[in-house]
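Shown here: target-v2.cif, mmCIF, C-alpha atoms.
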data_entry
loop_
_atom_site.group_PDB
_atom_site.id
_atom_site.type_symbol
_atom_site.label_atom_id
_atom_site.label_comp_id
_atom_site.auth_asym_id
_atom_site.auth_seq_id
_atom_site.Cartn_x
_atom_site.Cartn_y
_atom_site.Cartn_z
ATOM 1 C CA MET A 1 7.340 -9.195 -16.523
ATOM 2 C CA ASN A 2 4.284 -10.627 -18.347
ATOM 3 C CA ALA A 3 1.762 -9.127 -15.914
ATOM 4 C CA LEU A 4 3.522 -5.752 -15.984
ATOM 5 C CA THR A 5 3.512 -5.838 -19.785
ATOM 6 C CA GLU A 6 -0.232 -6.481 -19.777
ATOM 7 C CA VAL A 7 -1.081 -3.582 -17.450
ATOM 8 C CA ALA A 8 1.608 -1.101 -18.541
ATOM 9 C CA ALA A 9 -0.827 0.963 -20.620
ATOM 10 C CA LEU A 10 -2.979 1.460 -17.504
ATOM 11 C CA LEU A 11 -0.095 2.924 -15.541
ATOM 12 C CA ALA A 12 0.956 6.582 -15.599
ATOM 13 C CA CYS A 13 4.401 8.062 -15.280
ATOM 14 C CA PRO A 14 4.674 9.506 -11.745
ATOM 15 C CA GLU A 15 6.801 12.353 -13.131
ATOM 16 C CA CYS A 16 4.628 13.623 -15.999
ATOM 17 C CA GLY A 17 1.467 11.511 -16.121
ATOM 18 C CA ASP A 18 2.129 10.040 -19.579
ATOM 19 C CA GLU A 19 1.323 6.435 -20.440
ATOM 20 C CA LEU A 20 4.037 3.892 -19.686
ATOM 21 C CA GLN A 21 5.240 1.230 -22.108
ATOM 22 C CA PRO A 22 7.537 -1.780 -21.635
ATOM 23 C CA HIS A 23 11.103 -1.324 -22.866
ATOM 24 C CA ASP A 24 13.659 -4.036 -22.116
ATOM 25 C CA ARG A 25 13.646 -4.426 -18.302
ATOM 26 C CA ALA A 26 11.916 -1.111 -17.660
ATOM 27 C CA LEU A 27 8.742 0.893 -18.192
ATOM 28 C CA ARG A 28 9.173 4.170 -20.069
ATOM 29 C CA CYS A 29 6.949 7.098 -20.959
ATOM 30 C CA GLY A 30 7.025 9.129 -24.174
ATOM 31 C CA THR A 31 8.831 11.965 -22.398
ATOM 32 C CA GLY A 32 11.751 9.660 -21.601
ATOM 33 C CA HIS A 33 11.271 8.919 -17.913
ATOM 34 C CA SER A 34 12.278 5.330 -17.215
ATOM 35 C CA PHE A 35 11.531 3.015 -14.287
ATOM 36 C CA ASP A 36 13.448 -0.215 -13.863
ATOM 37 C CA ILE A 37 11.719 -3.505 -13.243
ATOM 38 C CA ALA A 38 13.416 -5.134 -10.262
ATOM 39 C CA ARG A 39 14.742 -8.669 -10.600
ATOM 40 C CA GLN A 40 12.019 -9.722 -8.111
ATOM 41 C CA GLY A 41 9.391 -8.676 -10.679
ATOM 42 C CA TYR A 42 7.986 -5.361 -9.445
ATOM 43 C CA VAL A 43 8.330 -1.854 -10.866
ATOM 44 C CA GLY A 44 9.249 1.040 -8.592
ATOM 45 C CA LEU A 45 7.162 4.170 -9.224
ATOM 46 C CA LEU A 46 8.192 6.021 -6.072
ATOM 47 C CA THR A 47 9.816 9.332 -6.945
ATOM 48 C CA GLY A 48 11.122 12.386 -5.111
ATOM 49 C CA ALA A 49 11.892 12.518 -1.407
ATOM 50 C CA SER A 50 11.544 9.462 0.788
ATOM 51 C CA THR A 51 7.948 8.646 1.641
ATOM 52 C CA LYS A 52 6.767 9.096 5.233
ATOM 53 C CA MET A 53 4.627 5.957 4.975
ATOM 54 C CA THR A 54 6.306 3.046 6.766
ATOM 55 C CA GLY A 55 4.551 0.040 5.262
ATOM 56 C CA ASP A 56 4.926 -3.498 6.549
ATOM 57 C CA THR A 57 8.256 -5.110 7.338
ATOM 58 C CA ALA A 58 9.458 -8.377 5.838
ATOM 59 C CA ASP A 59 8.850 -10.139 9.175
ATOM 60 C CA MET A 60 5.267 -8.832 9.312
ATOM 61 C CA LEU A 61 4.622 -10.055 5.781
ATOM 62 C CA ASP A 62 6.139 -13.463 6.525
ATOM 63 C CA ALA A 63 3.795 -13.851 9.492
ATOM 64 C CA ARG A 64 0.800 -12.701 7.458
ATOM 65 C CA ALA A 65 1.570 -15.020 4.568
ATOM 66 C CA ALA A 66 1.834 -17.988 6.947
ATOM 67 C CA PHE A 67 -1.453 -17.097 8.662
ATOM 68 C CA GLN A 68 -3.293 -16.492 5.391
ATOM 69 C CA GLY A 69 -1.783 -19.629 3.892
ATOM 70 C CA ALA A 70 -3.316 -21.675 6.714
ATOM 71 C CA GLY A 71 -6.749 -20.577 5.474
ATOM 72 C CA HIS A 72 -7.921 -18.720 8.582
ATOM 73 C CA PHE A 73 -9.148 -15.702 6.598
ATOM 74 C CA ALA A 74 -10.500 -17.706 3.647
ATOM 75 C CA PRO A 75 -14.134 -16.629 4.331
ATOM 76 C CA ILE A 76 -13.045 -12.979 4.096
ATOM 77 C CA ALA A 77 -11.228 -13.625 0.817
ATOM 78 C CA ALA A 78 -14.301 -15.402 -0.565
ATOM 79 C CA ALA A 79 -16.584 -12.501 0.402
ATOM 80 C CA ILE A 80 -14.239 -10.046 -1.314
ATOM 81 C CA ALA A 81 -14.212 -12.120 -4.504
ATOM 82 C CA ARG A 82 -18.036 -12.182 -4.487
ATOM 83 C CA ALA A 83 -18.172 -8.399 -4.081
ATOM 84 C CA PHE A 84 -16.618 -8.057 -7.539
ATOM 85 C CA ASP A 85 -19.520 -9.446 -9.573
ATOM 86 C CA THR A 86 -17.551 -8.680 -12.722
ATOM 87 C CA ALA A 87 -13.948 -7.603 -13.039
ATOM 88 C CA ALA A 88 -11.619 -6.728 -15.879
ATOM 89 C CA THR A 89 -8.833 -4.842 -14.100
ATOM 90 C CA VAL A 90 -8.550 -4.673 -10.318
ATOM 91 C CA LEU A 91 -6.177 -2.493 -8.299
ATOM 92 C CA GLU A 92 -5.447 -3.427 -4.675
ATOM 93 C CA ILE A 93 -4.100 -0.546 -2.583
ATOM 94 C CA GLY A 94 -1.869 -1.642 0.282
ATOM 95 C CA ALA A 95 -1.789 -5.124 -1.220
ATOM 96 C CA GLY A 96 0.723 -6.620 1.213
ATOM 97 C CA THR A 97 1.108 -10.283 0.300
ATOM 98 C CA GLY A 98 -1.401 -10.017 -2.584
ATOM 99 C CA TYR A 99 -3.525 -12.761 -0.981
ATOM 100 C CA TYR A 100 -6.909 -11.090 -1.469
ATOM 101 C CA LEU A 101 -6.170 -9.835 -4.975
ATOM 102 C CA ALA A 102 -5.131 -13.357 -5.985
ATOM 103 C CA ASP A 103 -8.522 -14.696 -4.851
ATOM 104 C CA VAL A 104 -10.328 -12.051 -6.908
ATOM 105 C CA LEU A 105 -8.270 -12.992 -9.968
ATOM 106 C CA ASP A 106 -8.942 -16.697 -9.422
ATOM 107 C CA ALA A 107 -12.682 -15.903 -9.399
ATOM 108 C CA HIS A 108 -12.372 -13.894 -12.635
ATOM 109 C CA PRO A 109 -10.136 -15.846 -15.051
ATOM 110 C CA ASP A 110 -9.928 -13.037 -17.617
ATOM 111 C CA ALA A 111 -9.140 -10.233 -15.165
ATOM 112 C CA LEU A 112 -5.813 -8.487 -14.627
ATOM 113 C CA GLY A 113 -4.609 -7.208 -11.260
ATOM 114 C CA ILE A 114 -2.321 -4.473 -9.980
ATOM 115 C CA ALA A 115 -0.918 -4.924 -6.461
ATOM 116 C CA LEU A 116 0.237 -1.547 -5.130
ATOM 117 C CA ASP A 117 2.158 -1.120 -1.897
ATOM 118 C CA VAL A 118 4.588 1.387 -0.401
ATOM 119 C CA ALA A 119 6.856 -1.272 1.144
ATOM 120 C CA LYS A 120 9.538 -3.023 -0.907
ATOM 121 C CA PRO A 121 9.092 -6.344 0.941
ATOM 122 C CA ALA A 122 5.405 -6.251 -0.023
ATOM 123 C CA ALA A 123 6.171 -5.375 -3.637
ATOM 124 C CA ARG A 124 8.574 -8.315 -3.847
ATOM 125 C CA ARG A 125 6.071 -10.743 -2.374
ATOM 126 C CA ALA A 126 3.084 -9.451 -4.372
ATOM 127 C CA ALA A 127 5.044 -9.978 -7.587
ATOM 128 C CA ARG A 128 4.741 -13.717 -6.879
ATOM 129 C CA ALA A 129 1.120 -13.661 -5.694
ATOM 130 C CA HIS A 130 -0.566 -14.480 -9.007
ATOM 131 C CA PRO A 131 0.470 -14.817 -12.673
ATOM 132 C CA ARG A 132 -2.004 -12.082 -13.657
ATOM 133 C CA ALA A 133 -1.038 -9.639 -10.882
ATOM 134 C CA ALA A 134 1.488 -6.878 -11.598
ATOM 135 C CA SER A 135 3.327 -5.475 -8.593
ATOM 136 C CA VAL A 136 3.907 -1.719 -8.259
ATOM 137 C CA LEU A 137 5.874 0.084 -5.547
ATOM 138 C CA ALA A 138 4.175 3.438 -4.936
ATOM 139 C CA ASP A 139 2.729 5.693 -2.244
ATOM 140 C CA ALA A 140 -1.034 6.026 -2.697
ATOM 141 C CA TRP A 141 -1.056 9.293 -0.749
ATOM 142 C CA ARG A 142 1.198 10.938 -3.320
ATOM 143 C CA GLY A 143 -1.211 9.950 -6.079
ATOM 144 C CA LEU A 144 -1.937 6.641 -7.741
ATOM 145 C CA PRO A 145 0.368 6.090 -10.736
ATOM 146 C CA LEU A 146 -2.516 5.078 -12.991
ATOM 147 C CA ARG A 147 -4.327 6.766 -15.829
ATOM 148 C CA GLU A 148 -7.821 8.185 -15.412
ATOM 149 C CA ASP A 149 -10.605 5.551 -15.577
ATOM 150 C CA ALA A 150 -7.908 2.864 -15.790
ATOM 151 C CA VAL A 151 -9.467 0.095 -13.693
ATOM 152 C CA THR A 152 -12.894 -1.460 -13.201
ATOM 153 C CA GLY A 153 -12.302 -2.346 -9.561
ATOM 154 C CA VAL A 154 -10.323 -1.078 -6.569
ATOM 155 C CA LEU A 155 -9.758 -3.040 -3.359
ATOM 156 C CA SER A 156 -8.575 -1.862 0.057
ATOM 157 C CA VAL A 157 -8.275 -4.410 2.881
ATOM 158 C CA PHE A 158 -7.279 -3.026 6.300
ATOM 159 C CA ALA A 159 -5.280 -0.411 4.394
ATOM 160 C CA PRO A 160 -5.200 3.383 4.066
ATOM 161 C CA ARG A 161 -6.901 4.764 0.978
ATOM 162 C CA ASN A 162 -6.919 7.952 -1.062
ATOM 163 C CA PRO A 163 -10.593 8.526 -2.021
ATOM 164 C CA ALA A 164 -9.966 11.329 -4.516
ATOM 165 C CA GLU A 165 -7.378 9.269 -6.358
ATOM 166 C CA VAL A 166 -9.541 6.138 -6.288
ATOM 167 C CA ALA A 167 -12.384 8.124 -7.847
ATOM 168 C CA ARG A 168 -10.025 9.362 -10.569
ATOM 169 C CA VAL A 169 -8.675 5.949 -11.616
ATOM 170 C CA LEU A 170 -11.938 3.990 -11.248
ATOM 171 C CA ALA A 171 -13.910 3.709 -14.483
ATOM 172 C CA PRO A 172 -17.623 4.642 -14.547
ATOM 173 C CA GLY A 173 -19.637 1.674 -13.308
ATOM 174 C CA GLY A 174 -16.624 0.297 -11.428
ATOM 175 C CA ARG A 175 -16.565 -0.912 -7.834
ATOM 176 C CA PHE A 176 -14.537 0.190 -4.832
ATOM 177 C CA VAL A 177 -14.509 -2.611 -2.235
ATOM 178 C CA VAL A 178 -13.324 -1.637 1.256
ATOM 179 C CA VAL A 179 -12.749 -4.146 4.073
ATOM 180 C CA THR A 180 -12.514 -2.895 7.638
ATOM 181 C CA PRO A 181 -12.390 -4.734 10.983
ATOM 182 C CA THR A 182 -15.207 -4.346 13.491
ATOM 183 C CA THR A 183 -14.606 -3.849 17.206
ATOM 184 C CA ARG A 184 -15.131 -7.619 17.669
ATOM 185 C CA HIS A 185 -12.287 -8.562 15.332
ATOM 186 C CA LEU A 186 -9.714 -10.610 17.304
ATOM 187 C CA GLY A 187 -11.463 -9.374 20.437
ATOM 188 C CA GLU A 188 -10.467 -12.395 22.517
ATOM 189 C CA LEU A 189 -6.787 -11.490 22.005
ATOM 190 C CA ILE A 190 -6.711 -7.694 22.087
ATOM 191 C CA GLY A 191 -7.118 -7.267 25.837
ATOM 192 C CA PRO A 192 -5.118 -10.244 27.134
ATOM 193 C CA LEU A 193 -2.216 -9.608 24.727
ATOM 194 C CA GLY A 194 -2.267 -5.822 24.754
ATOM 195 C CA MET A 195 -2.844 -5.584 20.993
ATOM 196 C CA VAL A 196 -3.872 -2.433 19.148
ATOM 197 C CA GLY A 197 -7.678 -2.308 19.116
ATOM 198 C CA VAL A 198 -10.159 -1.074 16.500
ATOM 199 C CA ASP A 199 -11.480 2.474 16.715
ATOM 200 C CA PRO A 200 -15.254 2.131 17.350
ATOM 201 C CA ASP A 201 -15.781 5.186 15.140
ATOM 202 C CA LYS A 202 -14.029 3.593 12.165
ATOM 203 C CA ASP A 203 -17.159 2.980 10.054
ATOM 204 C CA ARG A 204 -18.393 6.553 10.427
ATOM 205 C CA ARG A 205 -15.005 7.989 9.508
ATOM 206 C CA LEU A 206 -14.852 5.735 6.462
ATOM 207 C CA ALA A 207 -18.296 6.876 5.317
ATOM 208 C CA ASP A 208 -17.373 10.526 5.847
ATOM 209 C CA SER A 209 -14.137 10.174 3.873
ATOM 210 C CA LEU A 210 -15.945 8.671 0.879
ATOM 211 C CA ALA A 211 -19.033 10.913 0.928
ATOM 212 C CA GLY A 212 -19.435 12.948 -2.213
ATOM 213 C CA ALA A 213 -17.233 10.838 -4.472
ATOM 214 C CA PHE A 214 -18.919 7.493 -3.721
ATOM 215 C CA ALA A 215 -22.250 5.982 -2.712
ATOM 216 C CA ARG A 216 -22.349 2.752 -0.694
ATOM 217 C CA ALA A 217 -24.184 0.013 -2.585
ATOM 218 C CA GLU A 218 -23.556 -2.999 -0.334
ATOM 219 C CA HIS A 219 -22.436 -3.560 3.248
ATOM 220 C CA THR A 220 -21.839 -7.128 4.434
ATOM 221 C CA LEU A 221 -20.742 -8.371 7.849
ATOM 222 C CA VAL A 222 -18.397 -11.344 7.648
ATOM 223 C CA GLU A 223 -17.982 -12.875 11.105
ATOM 224 C CA PHE A 224 -16.866 -16.363 12.084
ATOM 225 C CA PRO A 225 -14.897 -18.217 14.804
ATOM 226 C CA MET A 226 -11.328 -19.383 14.281
ATOM 227 C CA LYS A 227 -9.543 -22.038 16.317
ATOM 228 C CA LEU A 228 -5.990 -20.780 16.655
ATOM 229 C CA SER A 229 -2.915 -22.527 18.000
ATOM 230 C CA ARG A 230 -0.260 -20.591 19.919
ATOM 231 C CA THR A 231 1.738 -20.410 16.686
ATOM 232 C CA ASP A 232 -1.285 -18.929 14.904
ATOM 233 C CA VAL A 233 -1.726 -16.368 17.680
ATOM 234 C CA THR A 234 1.943 -15.421 17.501
ATOM 235 C CA ARG A 235 1.525 -14.816 13.766
ATOM 236 C CA VAL A 236 -1.596 -12.702 14.301
ATOM 237 C CA VAL A 237 0.301 -10.423 16.662
ATOM 238 C CA ALA A 238 3.366 -10.335 14.404
ATOM 239 C CA MET A 239 1.462 -9.494 11.202
ATOM 240 C CA GLY A 240 -0.517 -6.464 12.386
ATOM 241 C CA PRO A 241 0.110 -2.961 13.751
ATOM 242 C CA SER A 242 0.895 -4.354 17.196
ATOM 243 C CA ALA A 243 4.153 -5.663 15.729
ATOM 244 C CA PHE A 244 5.450 -2.081 15.526
ATOM 245 C CA HIS A 245 5.242 -1.836 19.315
ATOM 246 C CA ARG A 246 6.339 -5.262 20.514
ATOM 247 C CA THR A 247 8.011 -8.568 19.638
ATOM 248 C CA PRO A 248 5.555 -11.474 20.045
ATOM 249 C CA ALA A 249 8.159 -14.239 20.025
ATOM 250 C CA ASP A 250 8.477 -15.839 23.467
ATOM 251 C CA ASP A 251 5.729 -13.577 24.852
ATOM 252 C CA PRO A 252 4.749 -15.187 28.191
ATOM 253 C CA ARG A 253 1.144 -14.098 27.674
ATOM 254 C CA ILE A 254 0.956 -16.200 24.498
ATOM 255 C CA ALA A 255 2.686 -19.104 26.222
ATOM 256 C CA ALA A 256 0.013 -18.946 28.937
ATOM 257 C CA LEU A 257 -2.807 -19.491 26.431
ATOM 258 C CA SER A 258 -4.499 -22.849 25.958
ATOM 259 C CA ASP A 259 -3.265 -25.124 23.172
ATOM 260 C CA THR A 260 -6.171 -23.825 21.066
ATOM 261 C CA THR A 261 -7.938 -20.493 21.459
ATOM 262 C CA GLU A 262 -11.245 -19.638 19.781
ATOM 263 C CA VAL A 263 -10.947 -16.176 18.295
ATOM 264 C CA THR A 264 -13.535 -14.139 16.397
ATOM 265 C CA ALA A 265 -12.852 -12.796 12.919
ATOM 266 C CA SER A 266 -15.216 -9.908 12.225
ATOM 267 C CA VAL A 267 -15.011 -7.516 9.283
ATOM 268 C CA THR A 268 -17.315 -5.541 7.035
ATOM 269 C CA VAL A 269 -17.038 -5.771 3.260
ATOM 270 C CA SER A 270 -18.472 -2.585 1.774
ATOM 271 C CA THR A 271 -18.967 -1.884 -1.919
ATOM 272 C CA TYR A 272 -18.985 1.725 -3.142
ATOM 273 C CA LEU A 273 -19.972 3.026 -6.565
ATOM 274 C CA PRO A 274 -18.589 6.271 -8.003
ATOM 275 C CA ASN A 275 -20.988 9.230 -8.130
ATOM 276 C CA ARG A 276 -20.495 9.917 -11.835
#
Show me the file's structure as structure tokens.
Amino acid sequence: MNALTEVAALLACPECGDELQPHDRALRCGTGHSFDIARQGYVGLLTGASTKMTGDTADMLDARAAFQGAGHFAPIAAAIARAFDTAATVLEIGAGTGYYLADVLDAHPDALGIALDVAKPAARRAARAHPRAASVLADAWRGLPLREDAVTGVLSVFAPRNPAEVARVLAPGGRFVVVTPTTRHLGELIGPLGMVGVDPDKDRRLADSLAGAFARAEHTLVEFPMKLSRTDVTRVVAMGPSAFHRTPADDPRIAALSDTTEVTASVTVSTYLPNR
């Protein structure tokens, strides 16, 4: 509740756009719309018909939390934290476990965070990610439930994004940090395990989608080897989009791997500045 209280004035009512304020165990706008704060600590700002976005399942998030907790992606988290040279309020879109947002907040002791995700299991988990991170259940493609110029930083890690809405809620001089996998990311596993690969045209499509509203200021390759056990590999498969198509538990292809497999982590961390 404390984190939600701190960021409430940055949020906008998804019904009318008015500022939200804490009231008992809810956030309310001046018009009278009210949104309950769940006992798990997040506020639901999804309204209207059911969203078409699926989001991650609880099992996917469990696998991701275990993999991230083992420190395998720590160099990526560190690079993201460095990309925010200063930060007062940071929104992560598609926050999942809240792992990367928590690292940014640790690097900036006075900053506040908003973890936004469309999946309830993610909202529940992100509510526990960091004392200064507020968790919001919302669909970014319907519009971000934040006021104009509300945040100084926006983060998107392997997640869909809504460029027009990011431009609206990002304050002048703010930073939009986008992390995308390269074609080498987990390359040693994709073929042998039949995992979903990375579109080689991903970087160009990202640049095209942000052109006009943003200018790229920095573009950093973060690439390093990881030594993964079979359990680690099982978690990698279970935490990503491949999990929608298969169940990795007891997969004979994973069982056939060596005790330890060296796997490449390869992502780009790009920083965009608003064109205004």
For this session: Please identify all polymer residues within 7 Å of Ala9 of chain A, counting all atoms listed in the file, omitting same-chain residues fewer than 6 positions from it, and present them as an MDAnalysis selection string.
Result: chainID A and resid 19:21
For this session: Determine the residue set returned by the PyMOL selection byres ((chain A and resi 266) around 7) for the present structure, and present it as a PyMOL selection string.
Result: chain A and resi 181-182+184-185+222-224+264-265+267
For this session: Name the residues captured by the PyMOL selection byres ((chain A and resi 234) around 10) when it is applied to the shown file; answer as a list in words.
Result: Ala63, Phe67, Leu228, Ser229, Arg230, Thr231, Asp232, Val233, Arg235, Val236, Val237, Ala238, Met239, Thr247, Pro248, Ala249, Asp250, Asp251, Ile254 and Ala255 of chain A
Exercise. In Å to one decimal, how far is atom CA of Asn2 of chain A from atom CA of Lys120 of chain A?
Worked result: 19.7 Å
Per-residue nearest contacts of segment 163-269 of chain A to segment 97-111 of chain A (12 Å; all atoms listed in the file) as a Markdown table:
| residue | atom | partner | partner_atom | distance |
| --- | --- | --- | --- | --- |
| A:Val177 | CA | A:Val104 | CA | 11.3 |
| A:Val178 | CA | A:Tyr100 | CA | 11.7 |
| A:Val179 | CA | A:Tyr100 | CA | 10.6 |
| A:Met239 | CA | A:Thr97 | CA | 10.9 |
Could you please take those selected residues and save C-alpha atoms as a PDB file, in the coordinates of the input?
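again.pdb, freshly written:
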ATOM      1  CA  VAL A 177     -14.509  -2.611  -2.235  1.00  0.00           C
ATOM      2  CA  VAL A 178     -13.324  -1.637   1.256  1.00  0.00           C
ATOM      3  CA  VAL A 179     -12.749  -4.146   4.073  1.00  0.00           C
ATOM      4  CA  MET A 239       1.462  -9.494  11.202  1.00  0.00           C
TER       5      MET A 239
END
Problem set entry | Distance of atom CA of Ala115 of chain A from atom CA of Ala8 of chain A, expressed in Å to one decimal place | 12.9 Å
For this session: Skip segment 22-32 of chain A itself and residues of its chain fewer than 3 positions away, then list as JSON, numbers by chain all residues within 12 Å of it, counting only C-alpha atoms.
Result: {"A": [1, 2, 3, 4, 5, 6, 7, 8, 9, 10, 11, 12, 13, 14, 15, 16, 17, 18, 19, 35, 36, 37, 38, 39, 40, 41, 42, 43, 44, 45, 136]}
For this session: Find the distance between atom CA of Pro131 of chain A and atom CA of Tyr272 of chain A and write it in Å to one decimal.
Result: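 So the two atoms, atom CA of Pro131 of chain A and atom CA of Tyr272 of chain A, lie 27.3 Å apart.
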Can you tell me which residues surround Gly55 of chain A at a distance of at most 8 Å, considering only C-alpha atoms, apart from same-chain residues fewer than 2 positions away, and format the answer as a PDB file with C-alpha atoms, keeping the file's coordinate frame?
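around_31.pdb, written as the output of this step:
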ATOM      1  CA  MET A  53       4.627   5.957   4.975  1.00  0.00           C
ATOM      2  CA  THR A  57       8.256  -5.110   7.338  1.00  0.00           C
ATOM      3  CA  ASP A 117       2.158  -1.120  -1.897  1.00  0.00           C
ATOM      4  CA  VAL A 118       4.588   1.387  -0.401  1.00  0.00           C
ATOM      5  CA  ALA A 119       6.856  -1.272   1.144  1.00  0.00           C
TER       6      ALA A 119
END
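Applied to this file, the PyMOL selection byres ((chain A and resi 116) around 8) selects Leu91, Glu92, Ile93, Gly94, Ala95, Ile114, Ala115, Asp117, Val118, Ala123, Ser135, Val136, Leu137 and Ala138 of chain A.
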